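J.: Below is the file coords.csv, which contains CSV, C-alpha atoms and all ligand atoms.
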```csv
chain,number,residue,atom,x,y,z
O,1,MET,CA,40.8,-50.0,25.5
O,2,PHE,CA,39.5,-52.3,28.3
O,3,GLN,CA,40.2,-53.0,32.0
O,4,PRO,CA,42.9,-55.8,31.9
O,5,ASP,CA,40.6,-58.1,34.0
O,6,LEU,CA,37.4,-57.4,31.9
O,7,LEU,CA,36.7,-61.1,31.4
O,8,ALA,CA,38.3,-62.6,34.5
O,9,GLY,CA,36.4,-65.7,35.6
O,10,LYS,CA,34.6,-66.1,32.2
O,11,ARG,CA,35.0,-69.4,30.3
O,12,VAL,CA,34.4,-69.1,26.6
O,13,LEU,CA,34.4,-71.7,23.8
O,14,ILE,CA,35.6,-70.4,20.4
O,15,THR,CA,34.8,-72.8,17.5
O,16,GLY,CA,37.4,-72.7,14.8
O,17,GLY,CA,39.7,-71.1,17.4
O,18,GLY,CA,42.8,-72.7,16.0
O,19,THR,CA,43.3,-70.4,13.1
O,20,GLY,CA,42.5,-66.9,11.7
O,21,LEU,CA,40.0,-64.7,13.4
O,22,GLY,CA,39.1,-67.3,16.0
O,23,ARG,CA,42.8,-67.6,17.0
O,24,SER,CA,43.0,-63.8,17.3
O,25,MET,CA,39.8,-63.7,19.4
O,26,ALA,CA,41.3,-66.4,21.7
O,27,GLU,CA,44.5,-64.4,22.2
O,28,HIS,CA,42.6,-61.2,23.1
O,29,LEU,CA,40.1,-62.8,25.4
O,30,LEU,CA,43.0,-64.6,27.2
O,31,GLU,CA,44.7,-61.3,27.7
O,32,LEU,CA,41.5,-60.0,29.3
O,33,GLY,CA,41.5,-62.8,31.8
O,34,ALA,CA,39.1,-65.3,30.2
O,35,GLU,CA,39.7,-69.0,30.2
O,36,ILE,CA,39.4,-70.3,26.7
O,37,ALA,CA,38.4,-73.5,25.0
O,38,ILE,CA,39.0,-73.9,21.2
O,39,CYS,CA,37.7,-76.6,18.9
O,40,GLY,CA,38.2,-77.6,15.3
O,41,ARG,CA,38.8,-80.7,13.2
O,42,ARG,CA,42.6,-80.6,13.0
O,43,GLU,CA,44.0,-81.5,16.4
O,44,ASN,CA,47.6,-80.6,15.5
O,45,VAL,CA,46.6,-77.1,14.6
O,46,LEU,CA,44.6,-76.6,17.8
O,47,ALA,CA,47.4,-78.0,19.9
O,48,GLU,CA,49.9,-75.6,18.3
O,49,THR,CA,47.7,-72.6,18.8
O,50,ALA,CA,46.9,-73.5,22.4
O,51,GLU,CA,50.5,-74.0,23.3
O,52,ALA,CA,51.6,-70.7,21.6
O,53,LEU,CA,48.8,-68.6,23.1
O,54,ALA,CA,49.3,-70.1,26.6
O,55,GLU,CA,52.9,-69.2,26.4
O,56,LYS,CA,52.3,-65.7,25.0
O,57,THR,CA,49.5,-64.7,27.4
O,58,GLY,CA,50.0,-66.8,30.5
O,59,GLY,CA,46.3,-67.7,30.3
O,60,LYS,CA,44.5,-71.0,30.4
O,61,ILE,CA,43.4,-72.5,27.0
O,62,GLN,CA,42.2,-76.0,26.2
O,63,PRO,CA,42.0,-77.5,22.7
O,64,TYR,CA,39.2,-79.9,21.8
O,65,GLY,CA,39.2,-81.9,18.5
O,66,CYS,CA,35.6,-81.8,17.4
O,67,ASP,CA,33.8,-81.7,14.1
O,68,ILE,CA,30.8,-79.4,14.8
O,69,ARG,CA,28.8,-80.9,11.9
O,70,GLU,CA,28.3,-84.0,14.2
O,71,ALA,CA,25.7,-83.3,16.9
O,72,ASP,CA,27.0,-86.3,18.9
O,73,ALA,CA,30.6,-85.1,18.8
O,74,VAL,CA,29.4,-81.6,19.9
O,75,GLU,CA,27.5,-83.2,22.8
O,76,ALA,CA,30.5,-85.2,23.9
O,77,MET,CA,32.7,-82.1,23.8
O,78,MET,CA,30.2,-80.1,25.8
O,79,ASP,CA,29.9,-82.9,28.4
O,80,LYS,CA,33.7,-82.8,28.8
O,81,ILE,CA,33.9,-79.0,29.0
O,82,PHE,CA,30.9,-78.6,31.4
O,83,SER,CA,32.0,-81.4,33.7
O,84,ASP,CA,35.1,-79.5,34.4
O,85,ARG,CA,33.4,-76.1,34.8
O,86,PRO,CA,30.4,-74.6,32.8
O,87,LEU,CA,31.0,-72.3,29.9
O,88,ASP,CA,29.8,-68.7,30.2
O,89,GLY,CA,30.1,-67.9,26.5
O,90,LEU,CA,30.1,-69.5,23.1
O,91,ILE,CA,31.5,-67.9,19.9
O,92,ASN,CA,30.3,-69.6,16.7
O,93,ASN,CA,33.2,-68.7,14.6
O,94,ALA,CA,34.0,-71.9,12.6
O,95,ALA,CA,33.0,-71.8,9.0
O,96,GLY,CA,33.6,-73.2,5.5
O,97,ASN,CA,33.3,-71.4,2.3
O,98,ILE,CA,33.6,-72.0,-1.5
O,99,LEU,CA,34.0,-69.5,-4.2
O,100,SER,CA,32.2,-70.9,-7.2
O,101,LYS,CA,29.7,-70.2,-9.9
O,102,SER,CA,26.5,-71.4,-8.2
O,103,GLU,CA,25.3,-73.5,-11.2
O,104,THR,CA,28.4,-75.6,-10.9
O,105,LEU,CA,28.0,-76.5,-7.3
O,106,SER,CA,27.3,-80.2,-6.6
O,107,PRO,CA,24.9,-81.2,-3.8
O,108,ARG,CA,27.9,-82.3,-1.7
O,109,ALA,CA,29.5,-78.8,-2.1
O,110,VAL,CA,26.3,-77.1,-0.8
O,111,ASP,CA,26.2,-79.6,2.1
O,112,ALA,CA,29.9,-79.1,2.9
O,113,VAL,CA,29.4,-75.4,3.6
O,114,VAL,CA,25.8,-75.4,5.0
O,115,ASN,CA,26.6,-78.3,7.4
O,116,ILE,CA,29.6,-76.5,8.9
O,117,VAL,CA,28.1,-73.0,9.1
O,118,LEU,CA,24.4,-73.5,9.8
O,119,LYS,CA,24.2,-77.0,11.3
O,120,GLY,CA,27.5,-76.6,13.2
O,121,SER,CA,26.4,-73.3,14.7
O,122,ALA,CA,23.0,-74.7,15.7
O,123,ASN,CA,24.6,-77.9,17.2
O,124,CYS,CA,26.9,-75.8,19.4
O,125,THR,CA,24.3,-73.2,20.4
O,126,LEU,CA,21.6,-75.7,21.3
O,127,ALA,CA,24.1,-77.9,23.2
O,128,CYS,CA,25.2,-74.9,25.2
O,129,GLY,CA,21.8,-73.4,25.6
O,130,ARG,CA,20.2,-76.6,26.9
O,131,ARG,CA,22.9,-76.9,29.6
O,132,TRP,CA,22.5,-73.2,30.6
O,133,LEU,CA,18.7,-73.5,30.8
O,134,GLU,CA,18.9,-76.7,32.8
O,135,ALA,CA,21.3,-75.2,35.3
O,136,LYS,CA,19.4,-71.8,35.3
O,137,GLN,CA,22.7,-70.3,34.4
O,138,SER,CA,23.3,-67.2,32.2
O,139,GLY,CA,25.2,-67.4,29.0
O,140,THR,CA,26.3,-65.4,26.0
O,141,VAL,CA,26.4,-66.6,22.4
O,142,LEU,CA,28.2,-64.5,19.7
O,143,SER,CA,28.0,-65.8,16.1
O,144,VAL,CA,30.3,-64.6,13.3
O,145,THR,CA,28.1,-63.9,10.2
O,146,THR,CA,28.8,-61.7,7.2
O,147,THR,CA,27.2,-58.6,5.6
O,148,TYR,CA,26.0,-60.8,2.8
O,149,ALA,CA,23.7,-62.6,5.3
O,150,TRP,CA,21.2,-59.8,4.5
O,151,THR,CA,22.4,-58.5,1.1
O,152,GLY,CA,23.1,-62.0,-0.4
O,153,SER,CA,26.2,-62.3,-2.6
O,154,ALA,CA,27.0,-63.9,-6.0
O,155,PHE,CA,29.6,-66.7,-6.0
O,156,VAL,CA,29.3,-67.7,-2.3
O,157,LEU,CA,25.8,-69.0,-2.4
O,158,PRO,CA,26.0,-71.8,0.3
O,159,SER,CA,27.8,-69.5,2.7
O,160,ALA,CA,25.2,-66.7,2.1
O,161,MET,CA,22.3,-69.0,2.7
O,162,ALA,CA,23.9,-70.5,5.8
O,163,LYS,CA,25.0,-67.2,7.3
O,164,ALA,CA,21.5,-65.8,6.8
O,165,GLY,CA,20.3,-68.9,8.8
O,166,VAL,CA,22.7,-68.2,11.6
O,167,LEU,CA,21.4,-64.6,11.8
O,168,ALA,CA,17.8,-66.0,12.0
O,169,MET,CA,18.9,-68.4,14.7
O,170,THR,CA,20.4,-65.4,16.7
O,171,GLN,CA,17.3,-63.3,16.4
O,172,SER,CA,14.9,-66.2,17.2
O,173,LEU,CA,16.7,-67.4,20.3
O,174,ALA,CA,17.4,-63.9,21.6
O,175,VAL,CA,13.7,-63.6,22.0
O,176,GLU,CA,13.0,-67.2,23.1
O,177,TRP,CA,15.9,-67.3,25.7
O,178,GLY,CA,16.5,-63.7,26.6
O,179,GLY,CA,14.2,-63.8,29.6
O,180,ARG,CA,16.1,-66.8,30.9
O,181,GLY,CA,19.5,-65.1,31.0
O,182,ILE,CA,20.9,-66.1,27.6
O,183,ARG,CA,21.6,-63.4,25.1
O,184,LEU,CA,22.7,-63.9,21.5
O,185,ASN,CA,24.3,-61.5,19.1
O,186,ALA,CA,26.2,-61.6,15.8
O,187,ILE,CA,28.9,-59.7,14.2
O,188,ALA,CA,29.3,-59.1,10.5
O,189,PRO,CA,32.9,-58.5,9.5
O,190,GLY,CA,34.1,-57.0,6.2
O,191,PRO,CA,37.6,-57.9,4.9
O,192,PHE,CA,39.9,-59.1,7.7
O,193,PRO,CA,42.7,-61.0,5.9
O,194,THR,CA,43.3,-64.6,7.1
O,195,LYS,CA,45.0,-67.5,5.4
O,196,GLY,CA,41.9,-69.7,5.5
O,197,ALA,CA,39.7,-67.2,3.8
O,198,TRP,CA,42.1,-65.6,1.4
O,199,ASP,CA,43.5,-68.9,0.1
O,200,ARG,CA,40.0,-70.1,-0.7
O,201,LEU,CA,38.2,-66.9,-1.7
O,202,VAL,CA,40.7,-64.5,-3.3
O,203,PRO,CA,41.8,-65.6,-6.7
O,204,THR,CA,44.7,-63.1,-7.5
O,205,PRO,CA,46.8,-60.4,-5.8
O,206,GLU,CA,44.9,-57.8,-7.8
O,207,ILE,CA,41.6,-59.1,-6.6
O,208,ALA,CA,43.0,-59.1,-3.0
O,209,GLU,CA,43.9,-55.5,-3.3
O,210,ALA,CA,40.4,-54.6,-4.6
O,211,PHE,CA,38.8,-56.8,-1.9
O,212,GLU,CA,40.8,-55.1,0.9
O,213,THR,CA,40.5,-51.5,-0.3
O,214,ARG,CA,37.1,-51.0,-1.9
O,215,ASN,CA,35.6,-49.9,1.4
O,216,PRO,CA,35.3,-46.2,2.4
O,217,LEU,CA,38.4,-46.5,4.7
O,218,ARG,CA,40.4,-48.0,1.8
O,219,ARG,CA,42.1,-50.6,4.0
O,220,PRO,CA,41.4,-54.1,5.4
O,221,GLY,CA,40.4,-54.5,9.0
O,222,ASP,CA,43.0,-55.2,11.7
O,223,HIS,CA,42.3,-58.3,13.7
O,224,ARG,CA,42.5,-56.2,16.9
O,225,GLU,CA,39.7,-54.0,15.7
O,226,LEU,CA,37.5,-57.0,15.4
O,227,THR,CA,38.5,-58.6,18.7
O,228,ASN,CA,37.8,-55.4,20.5
O,229,LEU,CA,34.2,-55.7,19.4
O,230,VAL,CA,34.1,-59.3,20.4
O,231,ALA,CA,35.5,-58.6,23.9
O,232,PHE,CA,32.8,-55.8,24.3
O,233,LEU,CA,30.0,-58.1,23.3
O,234,MET,CA,31.2,-61.0,25.5
O,235,ALA,CA,31.6,-58.8,28.5
O,236,ASP,CA,28.8,-58.1,31.1
O,237,GLY,CA,28.9,-54.4,30.3
O,238,SER,CA,27.1,-55.1,27.0
O,239,SER,CA,24.3,-57.0,28.8
O,240,TYR,CA,21.4,-55.1,27.2
O,241,VAL,CA,22.6,-55.8,23.6
O,242,ASN,CA,20.5,-58.9,22.6
O,243,GLY,CA,19.5,-60.2,19.2
O,244,ASP,CA,21.4,-57.7,17.2
O,245,VAL,CA,24.1,-57.9,14.5
O,246,ILE,CA,26.9,-55.4,14.6
O,247,THR,CA,28.6,-54.7,11.3
O,248,ILE,CA,32.4,-54.1,11.4
O,249,ASP,CA,33.4,-53.5,7.8
O,250,GLY,CA,34.7,-50.0,7.4
O,251,GLY,CA,31.4,-49.1,5.7
O,252,GLU,CA,31.9,-51.6,2.9
O,253,TRP,CA,28.3,-52.8,2.4
O,254,LEU,CA,26.8,-49.4,2.7
O,255,LYS,CA,29.1,-48.1,0.1
O,256,GLY,CA,27.9,-50.8,-2.2
O,257,ALA,CA,24.3,-50.0,-1.5
O,258,GLY,CA,24.3,-46.2,-2.1
O,259,GLN,CA,23.3,-45.5,-5.7
O,260,PHE,CA,25.8,-42.6,-6.1
O,261,SER,CA,28.6,-43.9,-3.9
O,262,PHE,CA,30.5,-45.4,-6.8
O,263,LEU,CA,31.2,-41.9,-8.0
O,264,GLN,CA,34.1,-41.7,-5.5
O,265,GLU,CA,36.2,-43.6,-7.9
O,266,HIS,CA,35.2,-41.5,-11.0
O,267,MET,CA,34.9,-37.9,-9.9
O,268,THR,CA,37.7,-35.3,-10.2
O,269,ASP,CA,37.7,-31.7,-8.8
O,270,ASP,CA,37.1,-30.5,-12.4
O,271,LEU,CA,34.1,-32.8,-12.7
O,272,TRP,CA,32.7,-31.6,-9.4
O,273,ALA,CA,33.1,-28.0,-10.5
O,274,ALA,CA,31.5,-28.7,-13.9
O,275,MET,CA,28.5,-30.3,-12.1
O,276,ARG,CA,28.1,-27.2,-10.0
O,277,GLN,CA,28.1,-25.0,-13.1
O,278,ALA,CA,25.6,-27.2,-14.8
O,279,ALA,CA,23.3,-27.0,-11.7
O,280,ARG,CA,23.6,-23.2,-11.7
O,281,LYS,CA,22.8,-23.0,-15.5
O,282,ALA,CA,19.8,-25.4,-14.9
O,283,GLY,CA,18.5,-22.8,-12.4
M,1,LIG,C1,33.2,-76.0,-6.2
M,1,LIG,C2,33.9,-77.3,-4.4
M,1,LIG,C3,35.0,-76.4,-4.1
M,1,LIG,C4,35.1,-75.2,-5.0
M,1,LIG,C5,35.1,-78.0,-2.7
M,1,LIG,N1,34.0,-78.3,-3.6
M,1,LIG,N2,35.6,-76.9,-3.1
M,1,LIG,N3,33.1,-77.1,-5.5
M,1,LIG,N4,34.2,-75.1,-6.0
M,1,LIG,N5,36.0,-74.3,-4.7
M,1,LIG,C6,33.2,-79.5,-3.5
M,1,LIG,C7,34.0,-80.8,-3.7
M,1,LIG,O1,34.2,-81.1,-5.1
M,1,LIG,C8,33.0,-81.8,-3.1
M,1,LIG,O2,31.9,-82.1,-3.9
M,1,LIG,C9,32.4,-81.0,-1.9
M,1,LIG,O3,32.6,-79.6,-2.2
M,1,LIG,C10,33.0,-81.3,-0.6
M,1,LIG,O4,34.4,-81.1,-0.7
M,1,LIG,P1,35.4,-81.7,0.4
M,1,LIG,O5,36.7,-81.1,0.1
M,1,LIG,O6,35.2,-83.1,0.5
M,1,LIG,O7,34.7,-81.0,1.7
M,1,LIG,P2,35.3,-80.9,3.1
M,1,LIG,O8,36.6,-81.6,3.3
M,1,LIG,O9,34.2,-81.1,4.0
M,1,LIG,O10,35.8,-79.3,3.2
M,1,LIG,C11,34.8,-78.3,3.3
M,1,LIG,C12,35.2,-77.0,2.5
M,1,LIG,C13,36.7,-76.6,2.8
M,1,LIG,C14,34.2,-76.0,2.9
M,1,LIG,C15,35.1,-77.4,1.1
M,1,LIG,O11,37.0,-75.5,2.1
M,1,LIG,C16,36.9,-76.4,4.3
M,1,LIG,O12,37.2,-77.3,5.0
M,1,LIG,N6,36.9,-75.1,4.7
M,1,LIG,C17,37.1,-74.7,6.1
M,1,LIG,C18,37.8,-73.4,6.3
M,1,LIG,C19,37.2,-72.3,5.4
M,1,LIG,O13,36.5,-72.5,4.4
M,1,LIG,N7,37.6,-71.0,5.8
M,1,LIG,C20,37.1,-69.9,5.1
M,1,LIG,C21,36.0,-69.3,5.9
M,1,LIG,S1,36.0,-67.6,5.4
M,1,LIG,P3,31.9,-83.4,-4.9
M,1,LIG,O14,30.5,-83.4,-5.4
M,1,LIG,O15,32.9,-83.2,-5.9
M,1,LIG,O16,32.1,-84.6,-4.0
M,1,LIG,C22,34.5,-67.0,5.3
M,1,LIG,C23,34.6,-65.6,5.0
M,1,LIG,C24,33.4,-65.0,4.3
M,1,LIG,O17,33.5,-67.7,5.4
M,1,LIG,C25,33.7,-63.5,3.9
M,1,LIG,C26,35.1,-63.2,3.4
M,1,LIG,C27,35.3,-61.8,3.4
M,2,LIG,P1,39.6,-69.7,8.9
M,2,LIG,O1,40.9,-69.4,9.5
M,2,LIG,O2,39.6,-70.7,7.7
M,2,LIG,O3,38.7,-70.3,10.1
M,2,LIG,C1,37.8,-71.3,10.0
M,2,LIG,C2,37.9,-72.3,11.1
M,2,LIG,O4,36.8,-73.1,11.2
M,2,LIG,C3,39.1,-73.1,11.0
M,2,LIG,O5,39.9,-73.1,12.2
M,2,LIG,C4,38.6,-74.5,10.9
M,2,LIG,O6,39.4,-75.5,11.5
M,2,LIG,C5,37.2,-74.4,11.5
M,2,LIG,N1,36.2,-75.4,11.0
M,2,LIG,C6,35.9,-75.6,9.8
M,2,LIG,N2,35.0,-76.6,9.7
M,2,LIG,C7,34.9,-77.1,10.9
M,2,LIG,C8,34.1,-78.1,11.5
M,2,LIG,N3,33.3,-78.9,10.7
M,2,LIG,N4,34.2,-78.4,12.8
M,2,LIG,C9,35.0,-77.6,13.6
M,2,LIG,N5,35.7,-76.5,13.1
M,2,LIG,C10,35.6,-76.3,11.8
M,2,LIG,O7,38.8,-68.4,8.4
M,2,LIG,P2,38.6,-67.0,9.1
M,2,LIG,O8,38.8,-66.0,8.1
M,2,LIG,O9,39.3,-66.9,10.4
M,2,LIG,O10,37.0,-67.1,9.4
M,2,LIG,C11,36.5,-67.0,10.7
M,2,LIG,C12,35.0,-66.6,10.7
M,2,LIG,O11,34.9,-65.3,10.3
M,2,LIG,C13,34.1,-67.4,9.8
M,2,LIG,O12,32.9,-67.6,10.4
M,2,LIG,C14,34.0,-66.6,8.6
M,2,LIG,O13,32.8,-66.8,7.8
M,2,LIG,C15,34.0,-65.2,9.2
M,2,LIG,N6,34.3,-64.1,8.4
M,2,LIG,C16,35.6,-63.9,8.0
M,2,LIG,C17,35.9,-62.8,7.2
M,2,LIG,C18,37.3,-62.5,6.8
M,2,LIG,O14,37.5,-61.4,6.2
M,2,LIG,N7,38.3,-63.3,7.2
M,2,LIG,C19,34.9,-61.9,6.8
M,2,LIG,C20,33.6,-62.2,7.2
M,2,LIG,C21,33.3,-63.3,8.0
M,2,LIG,P3,39.5,-77.0,11.0
M,2,LIG,O15,39.7,-76.9,9.5
M,2,LIG,O16,40.7,-77.5,11.7
M,2,LIG,O17,38.3,-77.7,11.4
```
Mind turning this structure into structure tokens?
Ligand code: HXC
Ligand code: NAP

T.:
Amino acid sequence: MFQPDLLAGKRVLITGGGTGLGRSMAEHLLELGAEIAICGRRENVLAETAEALAEKTGGKIQPYGCDIREADAVEAMMDKIFSDRPLDGLINNAAGNILSKSETLSPRAVDAVVNIVLKGSANCTLACGRRWLEAKQSGTVLSVTTTYAWTGSAFVLPSAMAKAGVLAMTQSLAVEWGGRGIRLNAIAPGPFPTKGAWDRLVPTPEIAEAFETRNPLRRPGDHRELTNLVAFLMADGSSYVNGDVITIDGGEWLKGAGQFSFLQEHMTDDLWAAMRQAARKAG
């Protein structure tokens, strides 16, 4: 889909790049010539990913143990990264989530998710942005949100609140920093199975099946489909896209929004024919 050297010379930090979608993004961006930094809390996971992807792609990838909830730790990581060579891009991918009835959430549970998703993304974005502005250098930030950032969703309240905040950050800074060479966008994925998300958010195999197939395409997303979009948005060719959120969910949220769309699961050919007859009779 892309020139093999699409991202040659670019240096990108992917938070939460040791697992799941972040790891898939790291692999694809390495294949396209980018140099990658990944961070997360579990250093053993990061080291294993970095080693495996370096061997698979032949690219340059550096792991950084960092808890993005801690602004000081983020600053220290950015100092280390930028002292070697400045980043060109940041992908705010790290997240935490809890499936729970909202009335049972403790204050610590709300903090646990909001601090990773909202505060962590702000810590990383501001740390990068300050350095880019200071050096009068351009940069690109891509944040991974969800479609429930604007629809809301039952049972994932702290995540919905935090992802909505990340979207607001994206839109705010796209305007504030756009004229100074920094652009910010977001993507909103539908179901892309990962161990991290499915172990925590999908209670049974039956629910997994429903979760993955209730979109108009009746299948989950393939990681490559998502990383293609990420590569496009991180590349210079998309330089006029700023402050937007691109949905990549097979049409899942729109299907939920359309008043009659649920009929897909209920209508048969006989019922469609009967409705046509009824309309004729009604004149
Ligand atoms: C209710 C819960 C809970 C649950 C934890 N808590 N899990 N409450 N239901 N399922 C409560 C705990 O009891 C505790 O409160 C508080 O939350 C903090 O828990 P800790 O385990 O100490 O937190 P911490 O170690 O900081 O872990 C954070 C975490 C964890 C968010 C809870 O799940 C995590 O580390 N996640 C990272 C990876 C992740 O979540 N990946 C999925 C992203 S997927 P008390 O009061 O008891 O002390 C995603 C996809 C969205 O976002 C869309 C999918 C399609
Ligand atoms: P995942 O594998 O659990 O990824 C989450 C990553 O975040 C982990 O690598 C984790 O590493 C890291 N992380 C969590 N807390 C951190 C912290 N405090 N500091 C640094 N890193 C931290 O889940 P995923 O499915 O790939 O999710 C990736 C992104 O996609 C998330 O933003 C998620 O909301 C979004 N998303 C996913 C789906 C889906 O279908 N999978 C759908 C919509 C949106 P450590 O635990 O080692 O820190």

J.: Which protein, DNA or RNA residues are at most 6 Å from (37.5, -65.8, 32.9) in the file's coordinates when you count all atoms listed in the file, listed as a list in words?

T.: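 Checked against the point, the hits come out as Leu7, Ala8, Gly9, Lys10, Arg11, Gly33, Ala34 and Glu35 of chain O.
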
J.: Could you give me, as CSV, every chain O residue with an atom at most 6 Å from ligand LIG 2 (chain M), plus its closest atom pair and distance in Å to one decimal, counting all atoms listed in the file, rows ordered by chain then number?

T.:
```
residue,atom,partner,partner_atom,distance
O:Thr15,CA,M:LIG2,N5,5.8
O:Gly16,CA,M:LIG2,O5,3.6
O:Gly17,CA,M:LIG2,O5,5.6
O:Gly18,CA,M:LIG2,O5,4.8
O:Thr19,CA,M:LIG2,O5,4.4
O:Gly20,CA,M:LIG2,O9,3.5
O:Leu21,CA,M:LIG2,O9,3.8
O:Gly22,CA,M:LIG2,O9,5.6
O:Gly40,CA,M:LIG2,N5,3.5
O:Arg41,CA,M:LIG2,O17,3.5
O:Arg42,CA,M:LIG2,O16,3.9
O:Cys66,CA,M:LIG2,C9,5.7
O:Asp67,CA,M:LIG2,N4,3.6
O:Ile68,CA,M:LIG2,N4,4.1
O:Arg69,CA,M:LIG2,N3,5.1
O:Asn93,CA,M:LIG2,O12,4.4
O:Ala94,CA,M:LIG2,O4,3.4
O:Ala95,CA,M:LIG2,O12,4.4
O:Gly96,CA,M:LIG2,C6,5.4
O:Ile116,CA,M:LIG2,N3,4.8
O:Val144,CA,M:LIG2,O12,4.9
O:Thr145,CA,M:LIG2,C21,5.7
O:Thr146,CA,M:LIG2,C20,4.8
O:Pro189,CA,M:LIG2,C20,4.4
O:Gly190,CA,M:LIG2,C19,5.0
O:Pro191,CA,M:LIG2,O14,3.7
O:Phe192,CA,M:LIG2,O14,3.6
O:Pro193,CA,M:LIG2,N7,5.1
O:Thr194,CA,M:LIG2,O8,4.8
O:Gly196,CA,M:LIG2,O2,3.3
O:Ala197,CA,M:LIG2,O8,4.6
```

J.: Work out how far CA of Met77 in chain O is from CA of Leu133 in chain O, in Å to one decimal.

T.: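 Result for CA of Leu133 in chain O versus CA of Met77 in chain O: 17.9 Å, one decimal.
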
J.: Expressed in Å to a single decimal, how great is the separation between CA of Phe260 in chain O and CA of Leu167 in chain O?

T.: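 Computing the Euclidean distance for CA of Phe260 in chain O and CA of Leu167 in chain O yields 28.7 Å.
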
J.: If we count all atoms listed in the file and set the cut-off at 12 Å, which residues sit around range 211-225 of chain O, ignoring sequence neighbours fewer than 6 positions away in its own chain? Please answer as a ChimeraX atom specification.

T.: /O:1,20-29,189-194,197-198,201-205,231-232,247-258,261-265

J.: If I take atom C21 of ligand LIG 1 (chain M) and CA of Lys80 in chain O, how far is one from the other in Å, to one decimal?

T.: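 Going from atom C21 of ligand LIG 1 (chain M) over to CA of Lys80 in chain O covers 26.7 Å.
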
J.: Counting all atoms listed in the file, which residue out of O:Arg180, O:Lys163, O:Lys281, O:Lys60 sits closest to Lys119 in chain O?

T.: O:Lys163

J.: Ranking O:Ala168, O:Ala273, O:Val113, O:Leu157 by minimum distance to ligand LIG 1 (chain M) and counting only C-alpha atoms and all ligand atoms, which one comes first?

T.: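 For ligand LIG 1 (chain M), the nearest of the given residues is O:Val113.
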
J.: My list of candidates is O:Arg183, O:Arg85, O:Lys56, O:Lys195. Which is closest to ligand LIG 1 (chain M) when distances are computed with all atoms listed in the file?

T.: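 Once distances to ligand LIG 1 (chain M) are computed over all atoms listed in the file, the minimum belongs to O:Lys195.
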
J.: Please provide as a PyMOL selection string all residues within 10 Å of Ser239 in chain O, with the sequence filter that same-chain residues fewer than 2 positions apart are discarded (counting only C-alpha atoms).

T.: chain O and resi 140+181-183+232-237+241-242

J.: Given only C-alpha atoms as the basis, pick out the residue of O:Gly139, O:Glu206, O:Ser153, O:Leu184 nearest to Asp88 in chain O.

T.: O:Gly139

J.: Pick the closest to Leu87 in chain O from O:Val12, O:Leu142, O:Val110, O:Ala149: which is it, counting all atoms listed in the file?

T.: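 Nearest to Leu87 in chain O: O:Val12.
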